[in-house]
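Enquirer: Please find data.txt (compact mmCIF, C-alpha atoms) on the next line:
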```txt
# COMPACT_ATOMS: atom_id res chain seq x y z
CA MET K 1 5.76 1.47 -0.69
CA ILE K 2 9.09 0.33 0.71
CA LYS K 3 12.32 1.86 -0.59
CA LEU K 4 15.20 -0.53 -0.02
CA PRO K 5 18.59 0.94 1.00
CA SER K 6 20.16 -0.45 -2.21
CA ALA K 7 19.15 -2.61 -5.16
CA VAL K 8 18.54 -6.24 -4.17
CA ASN K 9 17.92 -9.52 -5.93
CA VAL K 10 14.88 -10.53 -3.90
CA THR K 11 14.69 -14.25 -3.15
CA GLN K 12 11.68 -14.16 -0.85
CA LEU K 13 9.06 -11.88 0.64
CA ALA K 14 7.25 -12.66 3.88
CA ILE K 15 3.97 -11.09 4.94
CA ASP K 16 2.00 -11.42 8.15
CA PRO K 17 -1.53 -10.47 7.06
CA SER K 18 -2.84 -10.32 10.65
CA ASN K 19 -5.01 -7.62 12.13
CA SER K 20 -3.10 -5.15 14.30
CA CYS K 21 -2.80 -5.25 18.07
CA SER K 22 -5.31 -2.42 18.44
CA ASP K 23 -7.99 -4.49 16.67
CA ASP K 24 -9.04 -7.84 18.11
CA ASP K 25 -11.31 -8.73 15.18
CA PRO K 26 -9.43 -10.91 12.64
CA THR K 27 -11.96 -10.04 9.93
CA SER K 28 -9.96 -6.83 9.30
CA ALA K 29 -6.81 -8.82 8.45
CA THR K 30 -5.70 -8.76 4.82
CA GLY K 31 -7.40 -11.24 2.50
CA GLY K 32 -6.63 -10.43 -1.13
CA TYR K 33 -3.21 -8.96 -1.87
CA ARG K 34 -0.76 -8.01 -4.61
CA VAL K 35 3.00 -7.36 -4.32
CA GLU K 36 4.82 -5.34 -6.96
CA THR K 37 8.53 -4.64 -7.41
CA SER K 38 10.40 -1.86 -9.18
CA ALA K 39 13.97 -0.91 -9.97
CA ASP K 40 13.16 2.82 -10.29
CA GLY K 41 9.90 3.46 -8.41
CA ILE K 42 8.15 4.33 -11.70
CA THR K 43 7.80 1.06 -13.62
CA TRP K 44 6.24 -1.77 -11.61
CA GLN K 45 5.80 -5.49 -12.17
CA GLN K 46 3.63 -7.93 -10.28
CA ALA K 47 5.81 -10.21 -8.16
CA ALA K 48 3.08 -12.06 -6.25
CA ALA K 49 -0.69 -12.05 -5.76
CA GLY K 50 -3.28 -14.16 -4.03
CA THR K 51 -5.51 -14.46 -1.01
CA PHE K 52 -4.51 -15.00 2.60
CA THR K 53 -6.77 -17.30 4.63
CA PRO K 54 -7.49 -17.40 8.38
CA ALA K 55 -4.80 -20.11 8.66
CA ASP K 56 -2.20 -17.53 7.53
CA LEU K 57 -2.89 -15.11 10.39
CA GLY K 58 -0.31 -14.67 13.15
CA LYS K 59 2.68 -15.80 11.10
CA LEU K 60 4.91 -14.68 8.27
CA VAL K 61 3.75 -16.25 5.02
CA PRO K 62 6.65 -16.80 2.58
CA LEU K 63 6.17 -15.61 -1.02
CA VAL K 64 8.63 -16.16 -3.86
CA PRO K 65 8.74 -13.45 -6.54
CA ALA K 66 7.46 -14.66 -9.93
CA GLY K 67 9.99 -15.09 -12.72
CA THR K 68 12.54 -12.27 -12.84
CA THR K 69 10.45 -9.81 -10.79
CA GLY K 70 12.89 -10.18 -7.89
CA GLN K 71 15.92 -9.00 -9.87
CA GLY K 72 17.42 -5.55 -9.22
CA VAL K 73 14.64 -4.43 -6.88
CA SER K 74 14.86 -1.02 -5.21
CA TYR K 75 11.17 -0.64 -4.31
CA VAL K 76 8.45 -3.00 -3.08
CA ARG K 77 4.77 -2.11 -3.05
CA PHE K 78 2.24 -4.17 -1.05
CA TRP K 79 -1.42 -3.76 -1.98
CA MET K 80 -4.06 -4.93 0.49
CA LEU K 81 -7.00 -5.60 -1.84
CA SER K 82 -9.62 -7.03 0.51
CA THR K 83 -10.17 -8.06 4.10
CA GLN K 84 -10.86 -11.45 5.62
CA ALA K 85 -14.49 -10.31 6.07
CA VAL K 86 -14.85 -9.79 2.32
CA THR K 87 -12.86 -12.93 1.41
CA GLN K 88 -15.03 -15.04 3.73
CA LYS K 89 -18.21 -13.39 2.40
CA LEU K 90 -19.42 -12.32 5.85
CA GLY K 91 -21.98 -9.87 4.52
CA CYS K 92 -20.24 -6.53 4.11
CA PRO K 93 -21.17 -3.78 4.40
CA SER K 94 -21.98 -4.51 8.01
CA THR K 95 -20.79 -2.81 11.15
CA ALA K 96 -20.78 -6.19 12.91
CA TYR K 97 -17.29 -6.86 11.52
CA THR K 98 -14.42 -4.36 11.62
CA GLY K 99 -13.23 -6.01 8.41
CA CYS K 100 -16.14 -4.29 6.67
CA LEU K 101 -14.82 -0.89 7.78
CA TYR K 102 -11.02 -1.07 7.44
CA MET K 103 -8.13 -3.50 6.94
CA ASP K 104 -4.85 -4.32 8.66
CA SER K 105 -1.64 -6.16 8.00
CA GLY K 106 1.06 -6.88 10.55
CA GLU K 107 4.41 -7.04 8.77
CA VAL K 108 6.21 -7.14 5.41
CA GLU K 109 9.75 -8.51 5.10
CA VAL K 110 12.06 -8.58 2.06
CA PHE K 111 14.95 -11.07 1.75
CA GLY K 112 17.69 -11.14 -0.84
CA THR K 113 21.25 -10.21 -1.76
CA PRO K 114 22.72 -6.92 -2.98
CA THR K 115 23.02 -6.67 -6.77
CA SER K 116 26.64 -5.56 -6.63
```
Take the structure I supplied and represent it as structure tokens, if you would.

Expert:
Amino acid sequence: MIKLPSAVNVTQLAIDPSNSCSDDDPTSATGGYRVETSADGITWQQAAAGTFTPADLGKLVPLVPAGTTGQGVSYVRFWMLSTQAVTQKLGCPSTAYTGCLYMDSGEVEVFGTPTS
């Protein structure tokens, strides 16, 4: 969970779903994801969801919050739901792929303007 310094009208999120520098196997990169926003850290709404592909790795993927989910945001929660190994159906559970054991994501960015 990310607590923003003040409430923001979020215009865009950007996520790099890549595996971390300590893991050379891209199968551990984030596949399925969900992003939620909240004004108070208690009530959440889904702002974006989907599946990152191998083509998304190594770059920030822009996501636009759905509807009014970007308005008055003080908290952002990023859920990594599955790895590239699972998304690509590589045969988990298997120790041949680190993506069957754990998952990584490189960066989350939040863009917008203050509400006041």

Enquirer: Could you check how far CA of Ala7 in chain K sits from CA of Val35 in chain K, in Å to one decimal?

Expert: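 The value is 16.9 Å.
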
Enquirer: Set the distance at 12 Å and use all atoms listed in the file: which residues neighbour Thr27 in chain K once local chain neighbours fewer than 5 positions away are removed? I'd like the list as a ChimeraX atom specification.

Expert: /K:17-20,52-54,57,82-92,94-105

Enquirer: Between K:Gly50, K:Pro62, K:Pro114, K:Gly106, which is the closest to Ser74 in chain K once you count only C-alpha atoms?

Expert: K:Pro114

Enquirer: Show which residues sit within 12 Å of Gln71 in chain K, as a list in words. Count all atoms listed in the file, and ignore same-chain residues fewer than 5 positions away.

Expert: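 So the residues in contact are Ala7, Val8, Asn9, Val10, Thr11, Gln12, Thr37, Ser38, Ala39, Gln45, Ala47, Val64, Pro65, Ala66, Val76, Phe111, Gly112, Thr113, Pro114, Thr115 and Ser116 of chain K.
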
Enquirer: Please determine, counting all atoms listed in the file, which residue among K:Val73, K:Met80, K:Val110, K:Ala48 has the shortest atom-to-atom distance to Tyr33 in chain K.

Expert: K:Met80

Enquirer: Check the smallest atom-to-atom distance from each of K:Pro5, K:Gly32, K:Pro93, K:Gly70 to Trp44 in chain K using only C-alpha atoms, then report the winner.

Expert: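 Closest residue, counting only C-alpha atoms: K:Gly70.
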
Enquirer: Just give me the gap between CA of Gly72 in chain K and CA of Ala14 in chain K in Å, one decimal is fine.

Expert: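 Interatomic distance here is 18.0 Å.
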
Enquirer: Restricting the calculation to all atoms listed in the file, which member of K:Phe78, K:Leu60, K:Thr51, K:Ser28 is positioned closest to Lys3 in chain K?

Expert: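 Of all the options, K:Phe78 lies closest to Lys3 in chain K.
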
Enquirer: Please compute the CA of Met1 in chain K-CA of Thr68 in chain K distance, one decimal, in Å.

Expert: 19.6 Å

Enquirer: How big is the axis-aligned box, and where does its centre sit, when it encloses all atoms of range 6-10 of chain K listed in the file and has 5 Å added on every side, reported in Å to one decimal as JSON?

Expert:
```
{"center_x": 17.5, "center_y": -5.5, "center_z": -4.1, "size_x": 15.3, "size_y": 20.1, "size_z": 13.7}
```

Enquirer: Could you check which of K:Asp24, K:Thr43, K:Leu4, K:Thr30 is closest to Asp56 in chain K, using all atoms listed in the file?

Expert: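 For Asp56 in chain K, the nearest of the given residues is K:Thr30.
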
Enquirer: Looking at only C-alpha atoms, which of K:Ala29, K:Leu81, K:Ile2, K:Val108 is the one that sits closest to Ala49 in chain K?

Expert: K:Leu81
